[in-house]
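Reproduced below: input.txt, with compact mmCIF, C-alpha atoms.
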# COMPACT_ATOMS: atom_id res chain seq x y z
CA MET A 270 -153.82 -14.41 -16.77
CA LEU A 271 -154.66 -12.23 -13.75
CA VAL A 272 -151.06 -12.11 -12.52
CA THR A 273 -149.64 -11.31 -15.96
CA ALA A 274 -152.19 -8.55 -16.54
CA THR A 275 -151.51 -7.07 -13.09
CA VAL A 276 -147.75 -7.01 -13.70
CA GLY A 277 -148.32 -5.23 -17.01
CA PHE A 278 -150.52 -2.65 -15.36
CA ALA A 279 -147.89 -2.05 -12.67
CA VAL A 280 -145.02 -1.64 -15.16
CA ASN A 281 -146.99 0.77 -17.35
CA PHE A 282 -148.12 2.77 -14.34
CA TRP A 283 -144.53 2.90 -13.11
CA ALA A 284 -143.62 4.53 -16.42
CA TRP A 285 -146.69 6.77 -16.31
CA ALA A 286 -145.65 8.20 -12.91
CA LEU A 287 -141.96 8.87 -13.60
CA LEU A 288 -142.29 12.66 -13.70
CA SER A 289 -144.13 13.11 -10.40
CA PRO A 290 -141.24 12.29 -7.98
CA LEU A 291 -138.96 14.59 -9.96
CA GLY A 292 -141.43 17.50 -9.94
CA PRO A 293 -139.74 19.42 -7.08
CA ARG A 294 -136.35 18.92 -8.73
CA PHE A 295 -137.57 20.26 -12.08
CA LYS A 296 -139.19 23.19 -10.25
CA ASP A 297 -135.82 24.18 -8.77
CA SER A 298 -133.65 23.49 -11.84
CA LEU A 299 -135.98 25.16 -14.37
CA ALA A 300 -137.37 27.86 -12.01
CA LEU A 301 -140.97 26.74 -12.51
CA SER A 302 -143.96 28.36 -10.83
CA SER A 303 -146.31 26.28 -8.65
CA PHE A 304 -148.83 26.15 -11.51
CA GLU A 305 -146.19 25.08 -14.07
CA GLN A 306 -145.00 22.31 -11.77
CA ALA A 307 -148.58 21.12 -11.27
CA LEU A 308 -149.15 21.21 -15.04
CA LEU A 309 -146.02 19.16 -15.65
CA VAL A 310 -147.16 16.25 -13.46
CA ALA A 311 -150.80 16.54 -14.58
CA VAL A 312 -150.29 16.31 -18.37
CA PRO A 313 -149.53 12.55 -18.44
CA VAL A 314 -152.58 12.04 -16.23
CA VAL A 315 -155.03 13.74 -18.58
CA VAL A 316 -153.62 12.09 -21.72
CA GLY A 317 -153.63 8.67 -20.11
CA SER A 318 -157.18 9.28 -18.99
CA VAL A 319 -158.70 10.44 -22.27
CA GLY A 320 -156.75 7.74 -24.13
CA ARG A 321 -158.55 5.05 -22.15
CA ILE A 322 -161.74 5.66 -24.10
CA PRO A 323 -160.45 4.43 -27.51
CA VAL A 324 -158.07 1.90 -25.92
CA GLY A 325 -160.93 0.31 -23.95
CA ALA A 326 -163.06 0.02 -27.08
CA LEU A 327 -160.09 -1.39 -29.04
CA THR A 328 -159.56 -3.99 -26.29
CA ASP A 329 -163.17 -5.15 -26.72
CA ARG A 330 -162.33 -5.64 -30.41
CA PHE A 331 -158.75 -7.01 -30.39
CA GLY A 332 -158.33 -8.37 -26.86
CA GLY A 333 -155.75 -7.90 -24.14
CA ARG A 334 -153.20 -10.21 -25.74
CA VAL A 335 -152.75 -7.66 -28.53
CA MET A 336 -153.33 -4.43 -26.65
CA PHE A 337 -151.04 -5.02 -23.64
CA PRO A 338 -147.91 -5.43 -25.83
CA VAL A 339 -148.96 -2.53 -28.09
CA VAL A 340 -149.44 -0.07 -25.21
CA SER A 341 -146.20 -1.17 -23.54
CA LEU A 342 -144.13 -0.78 -26.72
CA ILE A 343 -145.56 2.65 -27.54
CA THR A 344 -144.80 3.87 -23.99
CA ILE A 345 -141.10 3.04 -24.43
CA VAL A 346 -140.68 5.96 -26.88
CA PRO A 347 -141.58 8.85 -24.53
CA VAL A 348 -139.79 7.14 -21.63
CA LEU A 349 -136.49 7.09 -23.51
CA TYR A 350 -137.06 10.59 -24.87
CA LEU A 351 -137.55 12.01 -21.37
CA GLY A 352 -134.58 10.14 -19.97
CA LEU A 353 -132.11 10.97 -22.70
CA LEU A 354 -133.23 14.24 -24.29
CA GLY A 355 -136.41 15.82 -23.01
CA HIS A 356 -135.61 17.24 -19.58
CA SER A 357 -133.83 20.49 -20.45
CA SER A 358 -136.90 22.77 -20.63
CA LEU A 359 -140.54 22.91 -19.59
CA ALA A 360 -141.68 22.63 -23.23
CA ALA A 361 -139.61 19.47 -23.77
CA LEU A 362 -140.94 17.93 -20.56
CA LEU A 363 -144.54 18.71 -21.53
CA VAL A 364 -144.08 17.07 -24.94
CA GLY A 365 -142.61 13.95 -23.35
CA GLY A 366 -145.24 13.95 -20.61
CA PHE A 367 -148.00 14.15 -23.22
CA PHE A 368 -146.91 10.92 -24.91
CA LEU A 369 -146.00 9.33 -21.59
CA GLY A 370 -149.73 9.39 -20.92
CA VAL A 371 -150.10 6.32 -23.17
CA GLY A 372 -148.83 4.20 -20.27
CA GLY A 373 -151.89 5.20 -18.25
CA THR A 374 -154.24 3.61 -20.79
CA ALA A 375 -153.13 0.10 -19.74
CA PHE A 376 -155.89 0.14 -17.15
CA ALA A 377 -158.56 0.09 -19.88
CA VAL A 378 -156.87 -2.98 -21.38
CA GLY A 379 -156.78 -5.01 -18.19
CA VAL A 380 -160.31 -4.59 -16.81
CA PRO A 381 -162.19 -6.18 -19.75
CA PHE A 382 -159.45 -8.79 -20.18
CA VAL A 383 -159.58 -9.88 -16.52
CA SER A 384 -163.36 -9.55 -16.27
CA ALA A 385 -163.85 -12.09 -19.08
CA TRP A 386 -161.89 -14.73 -17.15
CA PHE A 387 -164.04 -14.67 -13.98
CA PRO A 388 -167.73 -15.30 -13.13
CA ALA A 389 -169.80 -12.33 -11.99
CA GLU A 390 -169.64 -13.22 -8.29
CA ARG A 391 -165.82 -13.11 -8.30
CA ARG A 392 -165.17 -10.18 -10.63
CA GLY A 393 -165.07 -7.56 -7.89
CA PHE A 394 -162.14 -9.24 -6.18
CA ALA A 395 -160.37 -10.17 -9.44
CA ILE A 396 -160.57 -6.64 -10.83
CA GLY A 397 -159.52 -5.31 -7.42
CA VAL A 398 -156.40 -7.49 -7.57
CA PHE A 399 -155.68 -6.24 -11.07
CA GLY A 400 -156.26 -2.68 -9.88
CA ALA A 401 -153.51 -3.17 -7.30
CA GLY A 402 -151.17 -2.73 -10.25
CA MET A 403 -151.61 0.98 -9.67
CA GLY A 404 -148.88 0.35 -7.09
CA GLY A 405 -146.51 0.97 -9.99
CA THR A 406 -146.77 4.61 -8.95
CA ALA A 407 -145.41 3.65 -5.51
CA ILE A 408 -142.46 1.87 -7.12
CA SER A 409 -141.78 5.02 -9.10
CA ALA A 410 -141.97 7.16 -5.96
CA LEU A 411 -139.57 4.91 -4.04
CA THR A 412 -136.98 4.41 -6.77
CA THR A 413 -136.92 7.36 -9.18
CA VAL A 414 -135.15 9.96 -7.03
CA LYS A 415 -132.71 7.39 -5.63
CA LEU A 416 -131.80 6.15 -9.12
CA VAL A 417 -131.25 9.70 -10.36
CA ASP A 418 -129.05 10.54 -7.36
CA GLY A 419 -127.04 7.32 -7.62
CA LEU A 420 -126.79 6.63 -11.34
CA GLY A 421 -127.76 9.80 -13.19
CA SER A 422 -130.88 11.39 -14.64
CA ALA A 423 -131.37 8.75 -17.35
CA ALA A 424 -131.26 5.73 -15.03
CA PRO A 425 -134.94 5.36 -14.01
CA PHE A 426 -136.12 5.98 -17.57
CA THR A 427 -133.71 3.45 -19.09
CA LEU A 428 -134.65 0.81 -16.51
CA THR A 429 -138.37 1.34 -17.12
CA ALA A 430 -137.92 1.12 -20.90
CA ILE A 431 -136.16 -2.24 -20.52
CA LEU A 432 -138.95 -3.54 -18.28
CA LEU A 433 -141.63 -2.38 -20.73
CA ALA A 434 -139.90 -4.17 -23.62
CA THR A 435 -139.49 -7.34 -21.57
CA TYR A 436 -143.13 -7.29 -20.52
CA ALA A 437 -144.38 -6.72 -24.09
CA VAL A 438 -142.61 -9.91 -25.22
CA ALA A 439 -143.78 -11.90 -22.17
CA ALA A 440 -147.39 -10.74 -22.59
CA TRP A 441 -147.46 -11.78 -26.23
CA LEU A 442 -146.19 -15.24 -25.30
CA VAL A 443 -148.24 -15.82 -22.13
CA LEU A 444 -151.59 -14.05 -22.42
CA ARG A 445 -154.62 -15.82 -23.87
CA GLU A 446 -158.16 -14.59 -24.31
CA ALA A 447 -160.91 -16.09 -22.15
CA PRO A 448 -162.70 -19.11 -23.64
CA GLY A 449 -165.83 -18.17 -25.54
CA ARG A 450 -164.86 -14.53 -26.01
CA MET A 451 -166.75 -13.00 -28.93
CA PRO A 452 -165.31 -9.76 -30.33
CA PRO A 453 -168.01 -7.18 -31.13
CA ARG A 454 -168.77 -6.63 -34.79
CA GLU A 455 -170.20 -3.12 -34.55
CA PRO A 456 -168.02 -0.19 -35.69
CA LEU A 457 -166.04 1.61 -32.99
CA ALA A 458 -168.08 4.80 -33.26
CA ARG A 459 -171.38 2.94 -32.76
CA ARG A 460 -170.07 1.05 -29.73
CA LEU A 461 -168.84 4.27 -28.13
CA ALA A 462 -172.21 5.91 -28.83
CA ASP A 463 -174.05 2.95 -27.25
CA THR A 464 -171.75 3.16 -24.24
CA GLY A 465 -172.54 6.85 -23.83
CA ARG A 466 -176.26 6.09 -23.61
CA MET A 467 -175.87 3.64 -20.70
CA ALA A 468 -176.66 5.01 -17.24
CA VAL A 469 -173.98 2.84 -15.58
CA THR A 470 -171.31 4.58 -17.67
CA TRP A 471 -171.99 8.02 -16.22
CA GLN A 472 -172.84 6.87 -12.70
CA ALA A 473 -169.59 4.92 -12.42
CA SER A 474 -167.70 7.80 -14.06
CA ALA A 475 -168.88 10.21 -11.36
CA LEU A 476 -167.84 7.79 -8.62
CA TYR A 477 -164.46 7.02 -10.15
CA ALA A 478 -163.69 10.68 -10.81
CA VAL A 479 -163.76 11.22 -7.05
CA ALA A 480 -162.35 7.86 -5.85
CA PHE A 481 -159.51 7.22 -8.28
CA GLY A 482 -159.19 10.90 -9.16
CA GLY A 483 -158.49 11.65 -5.51
CA TYR A 484 -155.89 8.88 -5.39
CA VAL A 485 -154.16 10.11 -8.56
CA ALA A 486 -154.20 13.71 -7.36
CA PHE A 487 -152.49 12.79 -4.10
CA SER A 488 -150.04 10.42 -5.76
CA VAL A 489 -148.78 13.15 -8.12
CA TYR A 490 -149.07 16.19 -5.84
CA LEU A 491 -148.43 14.86 -2.34
CA PRO A 492 -144.61 15.25 -2.52
CA THR A 493 -145.04 18.93 -3.40
CA TYR A 494 -147.66 19.43 -0.68
CA LEU A 495 -145.54 17.81 2.04
CA LYS A 496 -142.39 19.66 1.02
CA THR A 497 -144.17 23.02 0.90
CA GLU A 498 -146.50 22.70 3.89
CA TYR A 499 -144.32 20.70 6.29
CA GLY A 500 -140.81 21.43 5.05
CA LEU A 501 -139.92 17.79 4.34
CA SER A 502 -137.00 16.87 2.13
CA GLN A 503 -137.74 15.62 -1.38
CA SER A 504 -136.75 12.06 -0.45
CA ASP A 505 -138.84 12.02 2.74
CA ALA A 506 -141.86 13.45 0.94
CA ALA A 507 -141.56 10.84 -1.84
CA ASN A 508 -141.33 8.02 0.72
CA ARG A 509 -144.45 9.23 2.51
CA MET A 510 -146.29 9.49 -0.78
CA ALA A 511 -145.25 5.88 -1.48
CA GLY A 512 -146.81 4.85 1.84
CA PHE A 513 -150.05 6.57 0.82
CA VAL A 514 -150.03 4.78 -2.52
CA LEU A 515 -149.22 1.35 -1.07
CA LEU A 516 -152.11 1.51 1.39
CA ALA A 517 -154.49 2.53 -1.41
CA VAL A 518 -153.17 -0.34 -3.54
CA VAL A 519 -153.75 -2.89 -0.76
CA MET A 520 -157.26 -1.60 -0.14
CA ARG A 521 -158.33 -1.77 -3.78
CA PRO A 522 -158.79 -5.58 -3.89
CA VAL A 523 -160.24 -5.39 -0.39
CA GLY A 524 -162.85 -2.96 -1.71
CA GLY A 525 -163.65 -5.32 -4.58
CA TRP A 526 -163.86 -8.32 -2.23
CA LEU A 527 -166.15 -6.48 0.18
CA SER A 528 -168.34 -5.40 -2.75
CA ASP A 529 -168.79 -9.04 -3.81
CA ARG A 530 -170.11 -9.78 -0.30
CA ALA A 531 -171.71 -6.61 1.09
CA GLY A 532 -172.53 -4.72 -2.10
CA ALA A 533 -170.63 -1.98 -3.91
CA VAL A 534 -173.02 0.76 -2.78
CA ARG A 535 -172.31 0.14 0.91
CA VAL A 536 -168.55 0.06 0.37
CA LEU A 537 -168.62 3.25 -1.70
CA SER A 538 -170.80 5.12 0.79
CA ALA A 539 -168.60 4.21 3.77
CA SER A 540 -165.39 5.03 1.88
CA LEU A 541 -166.62 8.44 0.79
CA VAL A 542 -167.66 9.36 4.33
CA VAL A 543 -164.14 8.50 5.55
CA THR A 544 -162.71 10.69 2.76
CA VAL A 545 -164.90 13.60 3.87
CA VAL A 546 -163.63 13.35 7.45
CA GLY A 547 -159.97 12.96 6.44
CA ALA A 548 -160.04 15.93 4.05
CA ALA A 549 -161.84 18.13 6.58
CA VAL A 550 -159.26 17.34 9.25
CA GLN A 551 -156.30 17.97 6.92
CA ALA A 552 -157.77 21.30 5.78
CA PHE A 553 -156.74 22.69 9.18
CA THR A 554 -153.11 21.56 8.57
CA PRO A 555 -152.71 19.59 11.82
CA PRO A 556 -149.25 18.40 12.96
CA LEU A 557 -148.00 15.75 10.59
CA MET A 558 -147.40 13.34 13.48
CA PRO A 559 -149.75 11.84 14.33
CA LEU A 560 -152.98 13.54 13.19
CA GLY A 561 -151.94 14.56 9.67
CA THR A 562 -150.52 11.11 8.96
CA ILE A 563 -153.70 9.44 10.24
CA ALA A 564 -155.85 11.71 8.04
CA PHE A 565 -153.82 10.95 4.91
CA LEU A 566 -153.68 7.20 5.53
CA ALA A 567 -157.43 7.08 6.23
CA MET A 568 -158.05 8.83 2.90
CA ALA A 569 -155.65 6.45 1.14
CA ALA A 570 -157.51 3.40 2.46
CA ALA A 571 -160.91 4.90 1.63
CA LEU A 572 -160.00 6.01 -1.89
CA GLY A 573 -158.41 2.62 -2.66
CA ALA A 574 -161.47 0.70 -1.42
CA ALA A 575 -163.83 3.02 -3.33
CA SER A 576 -161.83 2.51 -6.55
CA GLY A 577 -162.15 -1.26 -6.21
CA ALA A 578 -165.87 -0.99 -5.44
CA THR A 579 -166.52 1.18 -8.49
CA PHE A 580 -165.29 -1.46 -10.91
CA ALA A 581 -167.05 -4.21 -9.01
CA LEU A 582 -170.15 -2.17 -9.88
CA VAL A 583 -169.10 -1.88 -13.55
CA ALA A 584 -168.43 -5.64 -13.80
CA ARG A 585 -171.91 -6.33 -12.45
CA LEU A 586 -173.93 -3.82 -14.46
CA ALA A 587 -172.14 -3.44 -17.83
CA PRO A 588 -172.99 -5.87 -20.68
CA ALA A 589 -170.19 -8.37 -21.34
CA GLY A 590 -169.38 -7.07 -24.82
CA LYS A 591 -169.12 -3.49 -23.66
CA VAL A 592 -167.03 -3.82 -20.48
CA GLY A 593 -163.96 -2.43 -22.26
CA ALA A 594 -165.81 0.56 -23.70
CA VAL A 595 -167.46 1.36 -20.35
CA THR A 596 -164.12 0.89 -18.59
CA GLY A 597 -162.50 3.33 -21.01
CA VAL A 598 -165.00 6.09 -20.27
CA VAL A 599 -165.01 5.43 -16.51
CA GLY A 600 -161.21 5.20 -16.42
CA ALA A 601 -160.98 8.47 -18.32
CA ALA A 602 -163.23 10.12 -15.76
CA GLY A 603 -161.02 8.85 -12.95
CA GLY A 604 -157.87 10.15 -14.55
CA LEU A 605 -159.44 13.49 -15.36
CA GLY A 606 -160.59 13.64 -11.76
CA GLY A 607 -156.90 13.43 -10.89
CA PHE A 608 -155.90 16.08 -13.43
CA VAL A 609 -157.91 18.94 -11.99
CA PRO A 610 -156.98 18.91 -8.25
CA PRO A 611 -153.20 19.42 -8.68
CA LEU A 612 -153.87 22.46 -10.87
CA VAL A 613 -156.41 23.78 -8.38
CA MET A 614 -154.07 23.17 -5.43
CA GLY A 615 -151.18 24.87 -7.23
CA SER A 616 -153.33 27.87 -8.18
CA ILE A 617 -154.82 28.20 -4.69
CA TYR A 618 -151.42 28.04 -3.03
CA GLY A 619 -150.01 30.54 -5.49
CA SER A 620 -152.85 32.96 -4.71
CA LEU A 621 -153.48 32.39 -1.00
CA GLY A 622 -150.30 30.73 0.27
CA SER A 623 -152.42 27.92 1.77
CA TYR A 624 -153.83 24.55 0.71
CA ALA A 625 -156.78 24.66 3.16
CA LEU A 626 -159.38 25.71 0.57
CA GLY A 627 -158.39 22.90 -1.81
CA LEU A 628 -158.80 20.24 0.89
CA ALA A 629 -162.12 21.77 1.96
CA LEU A 630 -163.32 21.47 -1.64
CA LEU A 631 -162.35 17.78 -1.63
CA ALA A 632 -164.45 17.24 1.50
CA ILE A 633 -167.46 18.94 -0.10
CA VAL A 634 -167.17 16.96 -3.35
CA ALA A 635 -166.80 13.66 -1.48
CA ALA A 636 -169.87 14.45 0.64
CA ALA A 637 -171.95 15.19 -2.47
CA THR A 638 -170.75 11.96 -4.09
CA ALA A 639 -171.68 9.95 -1.00
CA ALA A 640 -175.22 11.32 -1.21
CA PHE A 641 -175.33 10.54 -4.95
CA THR A 642 -174.24 6.95 -4.22
CA ALA A 643 -176.80 6.43 -1.48
CA ILE A 644 -179.70 7.70 -3.61
CA VAL A 645 -179.10 7.42 -7.36
CA VAL A 646 -176.63 4.54 -7.60
CA ARG A 647 -178.50 2.44 -5.01
CA ARG A 648 -181.72 2.82 -7.04
CA ALA A 649 -179.93 1.74 -10.24
CA VAL A 650 -178.53 -1.38 -8.55
CA VAL A 651 -181.95 -2.31 -7.18
CA GLU A 652 -183.58 -1.88 -10.60
CA HIS A 653 -180.86 -3.95 -12.28
CA GLY A 654 -181.36 -6.75 -9.75
CA ALA A 655 -185.10 -6.72 -10.32
CA ALA A 656 -184.64 -6.86 -14.10
CA ALA A 657 -182.19 -9.76 -13.78
Whole structure, structure tokens version:
Amino acid sequence: MLVTATVGFAVNFWAWALLSPLGPRFKDSLALSSFEQALLVAVPVVVGSVGRIPVGALTDRFGGRVMFPVVSLITIVPVLYLGLLGHSSLAALLVGGFFLGVGGTAFAVGVPFVSAWFPAERRGFAIGVFGAGMGGTAISALTTVKLVDGLGSAAPFTLTAILLATYAVAAWLVLREAPGRMPPREPLARRLADTGRMAVTWQASALYAVAFGGYVAFSVYLPTYLKTEYGLSQSDAANRMAGFVLLAVVMRPVGGWLSDRAGAVRVLSASLVVTVVGAAVQAFTPPLMPLGTIAFLAMAAALGAASGATFALVARLAPAGKVGAVTGVVGAAGGLGGFVPPLVMGSIYGSLGSYALGLALLAIVAAATAAFTAIVVRRAVVEHGAAA
């Protein structure tokens, strides 16, 4: 069940990230401004993020066996539209990117599905393994430009559509709900309202907005940053972004595993401190080799570990029947956290001709979140343990 869910997450995230590697190409071919290019790659992020709220609640009700195939099949439509028709203008790309965001909601399907299959003391690692499916964005970064250059502009979109259809059938045949699962009987609106009143929902949302939001922001904007700031080719920039993503993917289950043993608060605090240092160093635009590369890879490892630790926290603190709803809200916060920075970076560069201020803002936000984790989140974990 864990492997099948992880594969589905990876395939849907692959589809979700198809526009990002092609951002520089669309900028040149359609004469887009820096802000328009940032908007293009950010639209699927925000739609996929907000969509996690209802999709997470629907997963609590109908289960992953239904929702994984549904999300995968719906995502096929915008993928084929973008590959065959919707790449001739910014408006067409934005329409396709809007519906492409559905692929990003797969995360809110997998967390409650996987969580139900594992005992509390193993959920951090299990959800971390599932979270490694975000490596679908790395697959997209490594293959999209090459497929377009070798086989034409429709090739990566057609391939992804075939994989989504294949996975939808496989998921329907293979996936099963965890024994003893009891679907909630309350109406959707009431469950979402109850979720909104839980402290863990908003605490984890704040953490994930920085941890996963930072990862998403880099994964969609890093090719543009490297090409603009260091003069790299589109292919070289995409490959380096893939390295960033792969390290974050590897560190996500590590963060969950460490949280099972040392506690999520400790892992989150240490990861955020590393992010502060990496962002502060990169704000001065050091030489890419070696200092800039070290700074980016350190942030990749830290953001990946913090993402895994956040959902280890959710799996521990959220009631069993509301894991999907909480995951939806927290996942939305993470995606929205990734929506804002590319727009800010594009606007800052367009105004100042430098990315330094944007990276300095990341360092400040990560520092504030580390303090929030050490004080507020630690107190909540202690109180939950005492109540248990």
Distance in Å - CA of Phe553 (chain A) versus CA of Gly627 (chain A):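 A separation of 11.1 Å between them.
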Residue contacts of Ala549 (chain A) (7 Å, all atoms listed in the file) excluding same-chain residues fewer than 5 positions away, as a list of chain:residue names: A:Leu628, A:Ala629, A:Ala632
Nearest-residue call for Val645 (chain A), choices A:Thr412, A:Thr497, A:Ser620, A:Ser538, using all atoms listed in the file: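 Going through A:Thr412, A:Thr497, A:Ser620, A:Ser538 one by one, the smallest distance to Val645 (chain A) is for A:Ser538.
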Kindly provide the residues of region 358-411 of chain A that approach region 501-516 of chain A to within 6 Å, each paired with its closest atom pair and their distance in Å to one decimal, based on all atoms listed in the file, listed by chain and increasing number, as a Markdown table.
| residue | atom | partner | partner_atom | distance |
| --- | --- | --- | --- | --- |
| A:Ala407 | CA | A:Ala511 | CA | 4.6 |
| A:Ala410 | CA | A:Ala507 | CA | 5.5 |
| A:Leu411 | CA | A:Asn508 | CA | 6.0 |
Sphere at (-167.2, 10.4, -9.4), radius 9 Å, counting only C-alpha atoms: residues as an NGL selection string: :A and (471-482 or 599 or 602-603 or 606 or 634-635 or 638)
Quick one: everything within 10 Å of Leu461 (chain A), counting all atoms listed in the file, minus sequence neighbours fewer than 3 positions away in the same chain. Send it as a short mmCIF file (atom, residue, chain, number, x, y, z; two decimals) with C-alpha atoms, in the frame of the given file.
data_model
loop_
_atom_site.label_atom_id
_atom_site.label_comp_id
_atom_site.auth_asym_id
_atom_site.auth_seq_id
_atom_site.Cartn_x
_atom_site.Cartn_y
_atom_site.Cartn_z
CA ILE A 322 -161.74 5.66 -24.10
CA PRO A 323 -160.45 4.43 -27.51
CA GLY A 325 -160.93 0.31 -23.95
CA ALA A 326 -163.06 0.02 -27.08
CA GLU A 455 -170.20 -3.12 -34.55
CA PRO A 456 -168.02 -0.19 -35.69
CA LEU A 457 -166.04 1.61 -32.99
CA ALA A 458 -168.08 4.80 -33.26
CA THR A 464 -171.75 3.16 -24.24
CA GLY A 465 -172.54 6.85 -23.83
CA ARG A 466 -176.26 6.09 -23.61
CA LYS A 591 -169.12 -3.49 -23.66
CA ALA A 594 -165.81 0.56 -23.70
CA VAL A 595 -167.46 1.36 -20.35
CA GLY A 597 -162.50 3.33 -21.01
CA VAL A 598 -165.00 6.09 -20.27
#
Nearest-residue call for Gly590 (chain A), choices A:Ser298, A:Arg450, A:Ser358, A:Thr413, using only C-alpha atoms: A:Arg450
Surrounding residues of Ser409 (chain A) excluding itself and chain neighbours under 6 positions, 8 Å, all atoms listed in the file, as an NGL selection string: :A and (283-284 or 286-287 or 290)
Counting only C-alpha atoms, the option among A:Ala423, A:Met270, A:Ala486, A:Val383 closest to Leu353 (chain A):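 Under the stated criterion, the closest residue is A:Ala423.
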Tell me which protein, DNA and RNA residues are within 12 Å of Pro388 (chain A), counting all atoms listed in the file, leaving out same-chain ones fewer than 4 positions away, and put them as an mmCIF file with C-alpha atoms, in the coordinates of the input.
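Here's the written file selection-v1.cif:
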data_model
loop_
_atom_site.group_PDB
_atom_site.id
_atom_site.type_symbol
_atom_site.label_atom_id
_atom_site.label_comp_id
_atom_site.auth_asym_id
_atom_site.auth_seq_id
_atom_site.Cartn_x
_atom_site.Cartn_y
_atom_site.Cartn_z
ATOM 1 C CA VAL A 383 -159.580 -9.880 -16.520
ATOM 2 C CA SER A 384 -163.360 -9.550 -16.270
ATOM 3 C CA ARG A 392 -165.170 -10.180 -10.630
ATOM 4 C CA GLY A 393 -165.070 -7.560 -7.890
ATOM 5 C CA PHE A 394 -162.140 -9.240 -6.180
ATOM 6 C CA ALA A 395 -160.370 -10.170 -9.440
ATOM 7 C CA ILE A 396 -160.570 -6.640 -10.830
ATOM 8 C CA ALA A 447 -160.910 -16.090 -22.150
ATOM 9 C CA ASP A 529 -168.790 -9.040 -3.810
ATOM 10 C CA ALA A 581 -167.050 -4.210 -9.010
ATOM 11 C CA ALA A 584 -168.430 -5.640 -13.800
ATOM 12 C CA ARG A 585 -171.910 -6.330 -12.450
ATOM 13 C CA ALA A 589 -170.190 -8.370 -21.340
#
